[in-house]
file query_25.tsv (TSV, C-alpha atoms)
chain	number	residue	atom	x	y	z
A	12	MET	CA	-18.94	-8.72	150.27
A	13	SER	CA	-15.48	-7.80	148.99
A	14	ARG	CA	-13.81	-10.04	146.45
A	15	ILE	CA	-10.25	-11.31	146.61
A	16	ARG	CA	-8.01	-9.05	144.54
A	17	PRO	CA	-8.99	-9.91	140.96
A	18	ARG	CA	-6.53	-10.46	138.15
A	19	ALA	CA	-6.69	-7.27	136.09
A	20	HIS	CA	-4.78	-5.58	133.29
A	21	ALA	CA	-4.83	-2.25	131.51
A	22	VAL	CA	-5.49	-2.64	127.78
A	23	MET	CA	-4.69	0.48	125.75
A	24	ASP	CA	-1.82	1.91	123.79
A	25	ALA	CA	1.36	2.74	125.65
A	26	ASP	CA	1.04	6.50	125.18
A	27	ALA	CA	-2.48	6.49	126.63
A	28	PHE	CA	-1.34	4.48	129.63
A	29	ALA	CA	1.58	6.82	130.31
A	30	LEU	CA	-0.77	9.80	130.11
A	31	LEU	CA	-3.59	8.43	132.28
A	32	PHE	CA	-1.69	6.40	134.85
A	33	ASP	CA	0.98	8.38	136.63
A	34	GLU	CA	2.84	6.71	139.51
A	35	PRO	CA	0.16	7.27	142.20
A	36	ARG	CA	-2.51	5.81	139.92
A	37	ARG	CA	-0.35	2.84	138.97
A	38	ASP	CA	0.25	2.23	142.66
A	39	ARG	CA	-3.48	2.37	143.35
A	40	PHE	CA	-4.18	-0.05	140.49
A	41	ALA	CA	-1.63	-2.53	141.85
A	42	SER	CA	-3.05	-2.21	145.37
A	43	LEU	CA	-6.58	-2.98	144.20
A	44	ALA	CA	-5.89	-5.80	141.76
A	45	ASP	CA	-3.44	-8.57	140.98
A	46	VAL	CA	-1.78	-7.36	137.79
A	47	GLY	CA	0.43	-10.43	137.51
A	48	SER	CA	3.67	-9.90	135.62
A	49	ARG	CA	2.24	-7.18	133.35
A	50	MET	CA	0.05	-4.20	134.30
A	51	LEU	CA	-0.27	-3.00	130.70
A	52	ILE	CA	-1.13	-5.13	127.67
A	53	THR	CA	-1.02	-3.25	124.37
A	54	ASP	CA	-1.86	-6.22	122.11
A	55	LEU	CA	-4.57	-8.68	123.17
A	56	ASP	CA	-3.73	-10.87	120.17
A	57	ASP	CA	-0.12	-11.49	121.18
A	58	PRO	CA	0.22	-15.22	122.07
A	59	ALA	CA	2.74	-14.28	124.73
A	60	HIS	CA	-0.14	-12.97	126.85
A	61	ALA	CA	-2.35	-16.05	126.54
A	62	ALA	CA	-1.67	-17.36	130.05
A	63	LEU	CA	-2.27	-13.97	131.66
A	64	LEU	CA	-5.52	-13.41	129.76
A	65	ALA	CA	-6.83	-16.87	130.65
A	66	GLU	CA	-6.83	-15.76	134.30
A	67	THR	CA	-8.03	-12.19	133.73
A	68	GLU	CA	-11.20	-11.08	135.50
A	69	VAL	CA	-11.12	-7.31	134.81
A	70	LEU	CA	-9.86	-5.12	131.98
A	71	LEU	CA	-9.24	-1.39	132.30
A	72	THR	CA	-9.47	-0.11	128.73
A	73	SER	CA	-8.90	3.22	127.05
A	74	TRP	CA	-7.69	4.67	123.75
A	75	GLY	CA	-6.10	1.98	121.62
A	76	ALA	CA	-8.08	-0.93	123.07
A	77	PRO	CA	-9.43	-3.27	120.36
A	78	ARG	CA	-12.96	-4.53	119.82
A	79	LEU	CA	-13.81	-7.25	122.32
A	80	ASP	CA	-15.21	-9.71	119.82
A	81	ALA	CA	-16.03	-13.39	120.31
A	82	GLU	CA	-12.53	-14.57	119.40
A	83	ARG	CA	-10.78	-12.29	121.89
A	84	LEU	CA	-13.34	-12.94	124.62
A	85	ALA	CA	-12.87	-16.68	124.15
A	86	ARG	CA	-9.28	-16.21	125.36
A	87	MET	CA	-10.61	-14.61	128.54
A	88	PRO	CA	-13.11	-17.13	129.95
A	89	ARG	CA	-12.97	-15.54	133.43
A	90	LEU	CA	-13.55	-11.95	132.28
A	91	ARG	CA	-16.32	-10.34	134.33
A	92	ALA	CA	-15.82	-6.58	133.93
A	93	VAL	CA	-14.55	-4.05	131.37
A	94	LEU	CA	-13.97	-0.63	132.92
A	95	HIS	CA	-13.38	1.96	130.22
A	96	ALA	CA	-11.11	4.90	131.10
A	97	ALA	CA	-12.40	7.07	128.25
A	98	GLY	CA	-15.73	8.13	126.79
A	99	SER	CA	-17.43	6.15	124.02
A	100	VAL	CA	-17.44	2.35	124.23
A	101	GLN	CA	-19.05	1.86	120.82
A	102	HIS	CA	-15.84	0.47	119.31
A	103	LEU	CA	-15.35	-2.01	122.18
A	104	VAL	CA	-18.66	-3.81	122.38
A	105	SER	CA	-19.80	-6.91	120.55
A	106	ASP	CA	-22.78	-9.23	120.69
A	107	GLU	CA	-20.64	-11.74	122.59
A	108	LEU	CA	-19.80	-9.20	125.28
A	109	TRP	CA	-23.50	-8.56	125.90
A	110	ALA	CA	-24.32	-12.27	125.72
A	111	ARG	CA	-21.82	-13.03	128.47
A	112	GLY	CA	-23.27	-10.36	130.74
A	113	ILE	CA	-19.90	-8.71	131.27
A	114	ARG	CA	-20.07	-5.59	133.43
A	115	LEU	CA	-19.28	-2.55	131.29
A	116	THR	CA	-18.62	0.97	132.59
A	117	THR	CA	-17.46	4.25	131.09
A	118	ALA	CA	-15.60	7.34	132.23
A	119	ALA	CA	-17.76	9.46	129.93
A	120	ASP	CA	-18.96	11.61	132.83
A	121	ALA	CA	-15.37	12.53	133.69
A	122	ASN	CA	-14.63	13.16	130.02
A	123	ALA	CA	-17.68	15.41	129.76
A	124	MET	CA	-16.25	17.97	132.16
A	125	PRO	CA	-13.53	19.51	129.96
A	126	VAL	CA	-15.77	19.40	126.88
A	127	ALA	CA	-18.49	21.33	128.69
A	128	GLU	CA	-15.94	23.82	130.03
A	129	PHE	CA	-14.49	24.33	126.55
A	130	THR	CA	-17.99	24.80	125.16
A	131	LEU	CA	-18.87	27.38	127.80
A	132	GLY	CA	-15.76	29.35	126.88
A	133	ALA	CA	-16.59	29.07	123.18
A	134	ILE	CA	-20.16	30.31	123.74
A	135	LEU	CA	-19.00	33.35	125.68
A	136	LEU	CA	-16.28	34.14	123.13
A	137	ALA	CA	-18.79	33.72	120.30
A	138	GLY	CA	-20.97	36.33	121.99
A	139	LYS	CA	-18.08	38.75	121.58
A	140	ARG	CA	-17.43	37.53	118.00
A	141	THR	CA	-13.90	36.85	119.18
A	142	PHE	CA	-13.00	34.33	116.51
A	143	THR	CA	-13.83	36.69	113.65
A	144	HIS	CA	-11.88	39.51	115.28
A	145	LEU	CA	-8.85	37.28	115.75
A	146	ARG	CA	-8.69	36.38	112.06
A	147	ALA	CA	-9.85	39.59	110.35
A	148	PRO	CA	-8.28	43.06	110.40
A	149	HIS	CA	-9.55	45.14	113.30
A	150	ASP	CA	-10.59	48.10	111.20
A	151	ALA	CA	-12.48	45.83	108.78
A	152	THR	CA	-14.76	44.35	111.43
A	153	TRP	CA	-15.08	46.93	114.18
A	154	ASN	CA	-17.91	49.27	113.36
A	155	ALA	CA	-21.21	50.33	114.86
A	156	TRP	CA	-23.18	47.54	113.18
A	157	THR	CA	-20.79	44.89	114.48
A	158	ALA	CA	-20.80	46.41	117.95
A	159	ARG	CA	-24.58	46.10	118.17
A	160	ARG	CA	-24.26	42.35	117.47
A	161	ILE	CA	-21.73	41.83	120.23
A	162	GLY	CA	-22.50	40.77	123.78
A	163	ASN	CA	-23.71	38.02	126.09
A	164	VAL	CA	-26.89	39.73	127.26
A	165	ASP	CA	-30.27	38.92	125.71
A	166	ARG	CA	-28.73	35.97	123.90
A	167	THR	CA	-30.21	32.53	123.25
A	168	VAL	CA	-28.08	29.39	123.11
A	169	GLY	CA	-29.42	26.24	121.50
A	170	ILE	CA	-28.09	22.90	122.78
A	171	VAL	CA	-28.62	19.97	120.42
A	172	GLY	CA	-28.51	16.81	122.52
A	173	PHE	CA	-29.19	16.67	126.26
A	174	SER	CA	-26.27	14.30	126.69
A	175	ARG	CA	-23.83	14.19	129.59
A	176	ILE	CA	-22.05	17.10	127.98
A	177	GLY	CA	-25.16	18.95	126.84
A	178	ARG	CA	-26.60	18.79	130.35
A	179	ARG	CA	-23.34	20.10	131.85
A	180	VAL	CA	-23.25	22.99	129.37
A	181	VAL	CA	-26.77	23.98	130.41
A	182	GLU	CA	-25.76	23.85	134.07
A	183	LEU	CA	-22.62	25.91	133.45
A	184	LEU	CA	-24.71	28.59	131.74
A	185	ARG	CA	-26.92	29.12	134.79
A	186	PRO	CA	-24.86	31.95	136.35
A	187	PHE	CA	-25.14	33.99	133.12
A	188	ASP	CA	-28.54	35.59	133.52
A	189	GLY	CA	-28.33	37.25	130.10
A	190	ILE	CA	-28.23	33.90	128.32
A	191	ARG	CA	-31.34	31.80	127.71
A	192	PRO	CA	-30.57	28.11	127.00
A	193	LEU	CA	-32.85	25.96	124.86
A	194	VAL	CA	-32.50	22.21	124.29
A	195	ALA	CA	-33.52	20.02	121.37
A	196	ASP	CA	-33.42	16.28	122.02
A	197	PRO	CA	-36.21	13.80	121.12
A	198	PHE	CA	-35.20	11.51	123.98
A	199	ALA	CA	-34.92	14.15	126.73
A	200	ASP	CA	-37.45	14.61	129.51
A	201	ALA	CA	-38.87	18.14	129.63
A	202	ALA	CA	-38.89	18.19	133.43
A	203	ALA	CA	-35.22	17.15	133.59
A	204	VAL	CA	-34.28	19.84	131.08
A	205	GLU	CA	-36.20	22.45	133.04
A	206	ALA	CA	-34.56	21.34	136.31
A	207	ALA	CA	-31.15	21.82	134.69
A	208	GLY	CA	-32.10	25.37	133.72
A	209	ALA	CA	-33.28	25.18	130.10
A	210	THR	CA	-36.40	24.75	127.98
A	211	LEU	CA	-37.00	21.73	125.74
A	212	LEU	CA	-38.20	22.43	122.19
A	213	PRO	CA	-38.35	20.54	118.89
A	214	LEU	CA	-35.29	21.28	116.77
A	215	ASP	CA	-37.24	23.13	114.08
A	216	GLU	CA	-38.75	25.45	116.68
A	217	MET	CA	-35.45	26.07	118.43
A	218	LEU	CA	-33.23	26.91	115.47
A	219	PRO	CA	-34.80	30.25	114.43
A	220	GLN	CA	-34.40	31.57	117.98
A	221	VAL	CA	-30.73	30.94	118.71
A	222	ASP	CA	-27.69	33.19	118.57
A	223	VAL	CA	-25.38	30.24	119.24
A	224	LEU	CA	-26.02	26.63	118.25
A	225	SER	CA	-23.92	24.05	120.12
A	226	LEU	CA	-23.92	20.37	119.08
A	227	HIS	CA	-23.79	17.58	121.67
A	228	ALA	CA	-25.65	14.69	120.02
A	229	PRO	CA	-24.10	11.23	119.55
A	230	SER	CA	-22.73	10.21	116.17
A	231	LEU	CA	-25.13	7.53	114.94
A	232	PRO	CA	-26.51	6.69	111.49
A	233	ALA	CA	-29.70	8.57	112.40
A	234	THR	CA	-27.79	11.74	113.39
A	235	ARG	CA	-25.45	11.98	110.40
A	236	HIS	CA	-25.77	15.50	108.91
A	237	MET	CA	-28.66	16.26	111.23
A	238	ILE	CA	-27.64	19.89	110.87
A	239	GLY	CA	-27.73	20.41	107.12
A	240	ALA	CA	-28.67	23.09	104.63
A	241	ALA	CA	-32.31	23.32	105.73
A	242	GLU	CA	-31.43	23.60	109.41
A	243	LEU	CA	-28.63	26.13	108.88
A	244	ALA	CA	-30.90	28.26	106.71
A	245	THR	CA	-33.29	28.77	109.60
A	246	LEU	CA	-30.63	30.16	111.94
A	247	PRO	CA	-30.74	33.94	112.35
A	248	ASP	CA	-28.18	36.09	110.55
A	249	GLY	CA	-25.02	36.37	112.64
A	250	ALA	CA	-25.53	33.11	114.54
A	251	THR	CA	-22.53	30.95	115.50
A	252	VAL	CA	-22.39	27.17	115.10
A	253	ILE	CA	-20.18	25.33	117.61
A	254	ASN	CA	-19.37	21.65	117.18
A	255	THR	CA	-17.45	19.85	119.93
A	256	ALA	CA	-19.26	16.52	119.41
A	257	ARG	CA	-18.58	14.69	116.14
A	258	GLY	CA	-17.94	16.09	112.68
A	259	ALA	CA	-20.55	13.84	111.06
A	260	LEU	CA	-23.40	15.70	112.78
A	261	LEU	CA	-22.81	18.72	110.56
A	262	ASP	CA	-23.03	18.96	106.77
A	263	HIS	CA	-19.77	20.78	106.04
A	264	ASP	CA	-20.71	21.67	102.48
A	265	ALA	CA	-23.88	23.35	103.71
A	266	LEU	CA	-21.94	25.12	106.45
A	267	LEU	CA	-19.40	26.37	103.93
A	268	GLY	CA	-22.19	27.85	101.85
A	269	GLU	CA	-23.49	29.84	104.82
A	270	CYS	CA	-20.10	30.89	106.20
A	271	ARG	CA	-18.74	31.87	102.80
A	272	THR	CA	-21.35	34.64	102.62
A	273	GLY	CA	-20.54	35.78	106.16
A	274	ARG	CA	-24.10	35.08	107.32
A	275	LEU	CA	-22.99	32.53	109.94
A	276	ASP	CA	-19.86	32.06	112.06
A	277	ALA	CA	-18.52	28.69	113.18
A	278	LEU	CA	-16.17	27.12	115.70
A	279	LEU	CA	-15.31	23.53	114.79
A	280	ASP	CA	-13.36	21.43	117.27
A	281	VAL	CA	-14.30	18.33	115.28
A	282	THR	CA	-14.68	18.01	111.52
A	283	GLU	CA	-15.53	15.54	108.77
A	284	PRO	CA	-13.00	14.35	107.77
A	285	GLU	CA	-10.72	14.99	110.72
A	286	PRO	CA	-8.48	16.80	110.11
A	287	LEU	CA	-9.89	18.77	107.21
A	288	PRO	CA	-7.78	18.77	104.04
A	289	ALA	CA	-5.22	21.57	103.95
A	290	ASP	CA	-6.99	23.14	100.96
A	291	SER	CA	-10.45	23.15	102.59
A	292	GLU	CA	-12.00	26.56	102.17
A	293	LEU	CA	-13.37	26.37	105.71
A	294	ARG	CA	-9.78	26.64	106.96
A	295	HIS	CA	-9.35	30.03	105.33
A	296	LEU	CA	-12.59	31.88	106.07
A	297	PRO	CA	-12.18	34.65	108.66
A	298	ASN	CA	-15.45	33.75	110.37
A	299	VAL	CA	-14.58	30.05	110.87
A	300	ALA	CA	-12.28	28.92	113.68
A	301	ILE	CA	-10.97	25.34	113.70
A	302	THR	CA	-9.33	23.80	116.74
A	303	PRO	CA	-7.64	20.35	116.72
A	304	HIS	CA	-10.05	18.35	118.90
A	305	LEU	CA	-9.05	20.26	122.03
A	306	ALA	CA	-12.31	19.99	123.94
A	307	GLY	CA	-11.97	16.45	125.24
A	308	SER	CA	-9.69	15.33	128.05
A	309	LEU	CA	-6.07	16.28	127.41
A	310	GLY	CA	-2.91	16.30	129.51
A	311	THR	CA	-3.60	16.38	133.23
A	312	GLU	CA	-7.36	16.21	132.59
A	313	THR	CA	-6.98	12.58	131.49
A	314	ARG	CA	-6.14	11.51	135.03
A	315	ARG	CA	-9.81	12.00	135.86
A	316	LEU	CA	-10.48	9.14	133.43
A	317	ALA	CA	-8.03	6.85	135.22
A	318	ASP	CA	-9.58	7.82	138.56
A	319	ALA	CA	-13.04	7.01	137.24
A	320	ALA	CA	-11.96	3.54	136.08
A	321	LEU	CA	-10.13	2.85	139.34
A	322	ASN	CA	-13.21	3.91	141.31
A	323	GLU	CA	-15.22	1.44	139.25
A	324	LEU	CA	-12.64	-1.24	140.02
A	325	ALA	CA	-12.96	-0.50	143.74
A	326	ALA	CA	-16.75	-0.73	143.48
A	327	TYR	CA	-16.51	-4.04	141.63
A	328	ILE	CA	-14.16	-5.51	144.25
A	329	ALA	CA	-16.48	-4.33	147.03
A	330	GLY	CA	-19.46	-6.00	145.37
A	331	ALA	CA	-21.12	-2.59	144.92
A	332	PRO	CA	-23.15	-1.48	141.89
A	333	ALA	CA	-21.28	0.12	139.02
A	334	ARG	CA	-21.14	3.90	139.26
A	335	HIS	CA	-21.47	4.53	135.53
A	336	PRO	CA	-22.71	1.33	133.87
A	337	VAL	CA	-23.39	1.07	130.15
A	338	SER	CA	-26.34	-0.97	128.93
A	339	ARG	CA	-27.04	-2.24	125.45
A	340	ALA	CA	-30.25	-0.19	125.27
A	341	GLU	CA	-28.46	3.01	126.29
A	342	LEU	CA	-25.71	2.45	123.74
A	343	ALA	CA	-28.23	2.39	120.91
A	344	ILE	CA	-28.95	6.12	121.44
A	345	SER	CA	-25.67	7.37	122.85
A	346	ALA	CA	-22.08	7.88	121.81

call {"tool": "encode", "arguments": {"input": "query_25.tsv", "output": "structure tokens"}}
result
Amino acid sequence: MSRIRPRAHAVMDADAFALLFDEPRRDRFASLADVGSRMLITDLDDPAHAALLAETEVLLTSWGAPRLDAERLARMPRLRAVLHAAGSVQHLVSDELWARGIRLTTAADANAMPVAEFTLGAILLAGKRTFTHLRAPHDATWNAWTARRIGNVDRTVGIVGFSRIGRRVVELLRPFDGIRPLVADPFADAAAVEAAGATLLPLDEMLPQVDVLSLHAPSLPATRHMIGAAELATLPDGATVINTARGALLDHDALLGECRTGRLDALLDVTEPEPLPADSELRHLPNVAITPHLAGSLGTETRRLADAALNELAAYIAGAPARHPVSRAELAISA
């Protein structure tokens, strides 16, 4: 049974709202929900919004939304759903949110698409050693030995983390019959990995086999520096490390030691810290490429996130199950 149009507001910073919600999406939001006198609220703690929040049933959140702790939730006694128009909800959740049974959804699936596409491009370019050739003189790198190491045939790609993004990367690799994907993830199901087109292995068995290592695990205390000196040492000479997940997964000091010798290449879209200091040696090595967190949704891609949240709003109003719900148990092992 459909609900009466619920009172709903977008809670995010103004720049995020302008990016995600163009005029057609603002119109759709207003047609689905009663936004009262203010569609966007940038500060939940502003007393001027107290009356609006007291009637609020749904929040559409994104970048810039604050943690929904007990104090803030107490000002929203009618809140029933938080629909996140971005990826990770780790910073939003609190014990009180779970205790109240508030419906929580994420647009992480929509956000996974550009990351996986970026990663696919990075893998193929790494096969051609493109990043090294861009930063080093042509005559210094182009020789018969280098040429034998170049190509995307008879190559093995290791995916660390069979996450939304990791799974999509595996699927995107399927048309490239010269590339063999392997997956390392202690929580993944071997049959699901095989159905996607890869083989599941323990990390220590996978690492010595890969030409490209791509990281897609969540950033959790248990995964901090999961790729460190010991893991990097087992990669074959000439392998490339790609990180589009979180900088904390990778021990940068250990990576520097390997890249400084030229044994490994790296493409880092995320770093620890982010950005790296201007004097970081990683910035200046010819076999290390650093991009400024480009993989995630940017520009027009962000409208997919707004669409995902609005689709969740429509499902909520229709009394239908959430399309991409987030549970407390899932959040313990995901980003």

call {"tool": "residues_around", "arguments": {"input": "query_25.tsv", "residues": "range 302-312 of chain A", "least_positions_apart": "5", "cutoff": "6 Å", "atoms": "all atoms listed in the file", "output": "PDB file with C-alpha atoms, keeping the file's coordinate frame"}}
result
ATOM      1  CA  ASN A 122     -14.630  13.160 130.020  1.00  0.00           C
ATOM      2  CA  PRO A 125     -13.530  19.510 129.960  1.00  0.00           C
ATOM      3  CA  VAL A 126     -15.770  19.400 126.880  1.00  0.00           C
ATOM      4  CA  PHE A 129     -14.490  24.330 126.550  1.00  0.00           C
ATOM      5  CA  ASP A 280     -13.360  21.430 117.270  1.00  0.00           C
ATOM      6  CA  VAL A 281     -14.300  18.330 115.280  1.00  0.00           C
TER       7      VAL A 281
END

call {"tool": "atom_distance", "arguments": {"input": "query_25.tsv", "atom1": "CA of Ala203 in chain A", "atom2": "CA of Ile170 in chain A"}}
result
14.2 Å

call {"tool": "residues_around", "arguments": {"input": "query_25.tsv", "residues": "Arg91 in chain A", "least_positions_apart": "3", "cutoff": "10 Å", "atoms": "only C-alpha atoms", "output": "list in words"}}
result
Pro17, Thr67, Glu68, Val69, Leu70, Met87, Pro88, Leu108, Arg111, Gly112, Ile113, Arg114, Leu115 and Tyr327 of chain A

call {"tool": "closest_residue", "arguments": {"input": "query_25.tsv", "among": "A:Thr251, A:Thr272, A:Ser230, A:Ser48", "to": "Thr167 in chain A", "atoms": "all atoms listed in the file"}}
result
A:Thr251

call {"tool": "residues_near_point", "arguments": {"input": "query_25.tsv", "point": "(-32.9, 23.8, 124.8)", "cutoff": "9 Å", "atoms": "all atoms listed in the file", "output": "NGL selection string"}}
result
:A and (168-173 or 181 or 191-196 or 204-205 or 209-214 or 217)

call {"tool": "write_last_selection", "arguments": {"input": "query_25.tsv", "atoms": "C-alpha atoms", "output": "mmCIF file, in the coordinates of the input"}}
result
data_model
loop_
_atom_site.group_PDB
_atom_site.id
_atom_site.type_symbol
_atom_site.label_atom_id
_atom_site.label_comp_id
_atom_site.auth_asym_id
_atom_site.auth_seq_id
_atom_site.Cartn_x
_atom_site.Cartn_y
_atom_site.Cartn_z
ATOM 1 C CA VAL A 168 -28.080 29.390 123.110
ATOM 2 C CA GLY A 169 -29.420 26.240 121.500
ATOM 3 C CA ILE A 170 -28.090 22.900 122.780
ATOM 4 C CA VAL A 171 -28.620 19.970 120.420
ATOM 5 C CA GLY A 172 -28.510 16.810 122.520
ATOM 6 C CA PHE A 173 -29.190 16.670 126.260
ATOM 7 C CA VAL A 181 -26.770 23.980 130.410
ATOM 8 C CA ARG A 191 -31.340 31.800 127.710
ATOM 9 C CA PRO A 192 -30.570 28.110 127.000
ATOM 10 C CA LEU A 193 -32.850 25.960 124.860
ATOM 11 C CA VAL A 194 -32.500 22.210 124.290
ATOM 12 C CA ALA A 195 -33.520 20.020 121.370
ATOM 13 C CA ASP A 196 -33.420 16.280 122.020
ATOM 14 C CA VAL A 204 -34.280 19.840 131.080
ATOM 15 C CA GLU A 205 -36.200 22.450 133.040
ATOM 16 C CA ALA A 209 -33.280 25.180 130.100
ATOM 17 C CA THR A 210 -36.400 24.750 127.980
ATOM 18 C CA LEU A 211 -37.000 21.730 125.740
ATOM 19 C CA LEU A 212 -38.200 22.430 122.190
ATOM 20 C CA PRO A 213 -38.350 20.540 118.890
ATOM 21 C CA LEU A 214 -35.290 21.280 116.770
ATOM 22 C CA MET A 217 -35.450 26.070 118.430
#

call {"tool": "closest_residue", "arguments": {"input": "query_25.tsv", "among": "A:Leu131, A:Cys270, A:Leu145, A:Ala265", "to": "Ser225 in chain A", "atoms": "only C-alpha atoms"}}
result
A:Leu131

call {"tool": "build_atoms", "arguments": {"input": "query_25.tsv", "residues": "range 132-146 of chain A", "atoms": "N, CA, C and O atoms", "output": "PDB file, in the frame of the given file"}}
result
ATOM      1  N   GLY A 132     -16.671  28.306 127.335  1.00  0.00           N
ATOM      2  CA  GLY A 132     -15.760  29.350 126.880  1.00  0.00           C
ATOM      3  C   GLY A 132     -16.055  29.760 125.452  1.00  0.00           C
ATOM      4  O   GLY A 132     -16.052  30.957 125.117  1.00  0.00           O
ATOM      5  N   ALA A 133     -16.315  28.777 124.584  1.00  0.00           N
ATOM      6  CA  ALA A 133     -16.590  29.070 123.180  1.00  0.00           C
ATOM      7  C   ALA A 133     -17.872  29.885 123.031  1.00  0.00           C
ATOM      8  O   ALA A 133     -17.937  30.810 122.204  1.00  0.00           O
ATOM      9  N   ILE A 134     -18.900  29.563 123.814  1.00  0.00           N
ATOM     10  CA  ILE A 134     -20.160  30.310 123.740  1.00  0.00           C
ATOM     11  C   ILE A 134     -19.947  31.767 124.137  1.00  0.00           C
ATOM     12  O   ILE A 134     -20.416  32.690 123.454  1.00  0.00           O
ATOM     13  N   LEU A 135     -19.231  31.987 125.219  1.00  0.00           N
ATOM     14  CA  LEU A 135     -19.000  33.350 125.680  1.00  0.00           C
ATOM     15  C   LEU A 135     -18.129  34.127 124.684  1.00  0.00           C
ATOM     16  O   LEU A 135     -18.372  35.321 124.431  1.00  0.00           O
ATOM     17  N   LEU A 136     -17.122  33.473 124.131  1.00  0.00           N
ATOM     18  CA  LEU A 136     -16.280  34.140 123.130  1.00  0.00           C
ATOM     19  C   LEU A 136     -17.064  34.407 121.845  1.00  0.00           C
ATOM     20  O   LEU A 136     -16.851  35.433 121.191  1.00  0.00           O
ATOM     21  N   ALA A 137     -17.960  33.489 121.488  1.00  0.00           N
ATOM     22  CA  ALA A 137     -18.790  33.720 120.300  1.00  0.00           C
ATOM     23  C   ALA A 137     -19.678  34.937 120.496  1.00  0.00           C
ATOM     24  O   ALA A 137     -19.933  35.690 119.545  1.00  0.00           O
ATOM     25  N   GLY A 138     -20.154  35.147 121.721  1.00  0.00           N
ATOM     26  CA  GLY A 138     -20.970  36.330 121.990  1.00  0.00           C
ATOM     27  C   GLY A 138     -20.233  37.620 121.717  1.00  0.00           C
ATOM     28  O   GLY A 138     -20.842  38.640 121.352  1.00  0.00           O
ATOM     29  N   LYS A 139     -18.924  37.589 121.869  1.00  0.00           N
ATOM     30  CA  LYS A 139     -18.080  38.750 121.580  1.00  0.00           C
ATOM     31  C   LYS A 139     -17.531  38.724 120.149  1.00  0.00           C
ATOM     32  O   LYS A 139     -16.720  39.577 119.790  1.00  0.00           O
ATOM     33  N   ARG A 140     -17.930  37.732 119.367  1.00  0.00           N
ATOM     34  CA  ARG A 140     -17.430  37.530 118.000  1.00  0.00           C
ATOM     35  C   ARG A 140     -15.904  37.491 117.992  1.00  0.00           C
ATOM     36  O   ARG A 140     -15.241  38.001 117.080  1.00  0.00           O
ATOM     37  N   THR A 141     -15.354  36.868 119.007  1.00  0.00           N
ATOM     38  CA  THR A 141     -13.900  36.850 119.180  1.00  0.00           C
ATOM     39  C   THR A 141     -13.174  36.184 118.024  1.00  0.00           C
ATOM     40  O   THR A 141     -12.131  36.665 117.570  1.00  0.00           O
ATOM     41  N   PHE A 142     -13.714  35.092 117.527  1.00  0.00           N
ATOM     42  CA  PHE A 142     -13.000  34.330 116.510  1.00  0.00           C
ATOM     43  C   PHE A 142     -12.858  35.124 115.221  1.00  0.00           C
ATOM     44  O   PHE A 142     -11.807  35.108 114.577  1.00  0.00           O
ATOM     45  N   THR A 143     -13.905  35.854 114.843  1.00  0.00           N
ATOM     46  CA  THR A 143     -13.830  36.690 113.650  1.00  0.00           C
ATOM     47  C   THR A 143     -12.812  37.811 113.845  1.00  0.00           C
ATOM     48  O   THR A 143     -12.025  38.122 112.950  1.00  0.00           O
ATOM     49  N   HIS A 144     -12.808  38.411 115.037  1.00  0.00           N
ATOM     50  CA  HIS A 144     -11.880  39.510 115.280  1.00  0.00           C
ATOM     51  C   HIS A 144     -10.430  39.047 115.353  1.00  0.00           C
ATOM     52  O   HIS A 144      -9.512  39.805 115.053  1.00  0.00           O
ATOM     53  N   LEU A 145     -10.213  37.807 115.724  1.00  0.00           N
ATOM     54  CA  LEU A 145      -8.850  37.280 115.750  1.00  0.00           C
ATOM     55  C   LEU A 145      -8.304  37.106 114.341  1.00  0.00           C
ATOM     56  O   LEU A 145      -7.105  37.267 114.109  1.00  0.00           O
ATOM     57  N   ARG A 146      -9.167  36.764 113.390  1.00  0.00           N
ATOM     58  CA  ARG A 146      -8.690  36.380 112.060  1.00  0.00           C
ATOM     59  C   ARG A 146      -8.875  37.474 111.017  1.00  0.00           C
ATOM     60  O   ARG A 146      -8.362  37.338 109.913  1.00  0.00           O
TER      61      ARG A 146
END
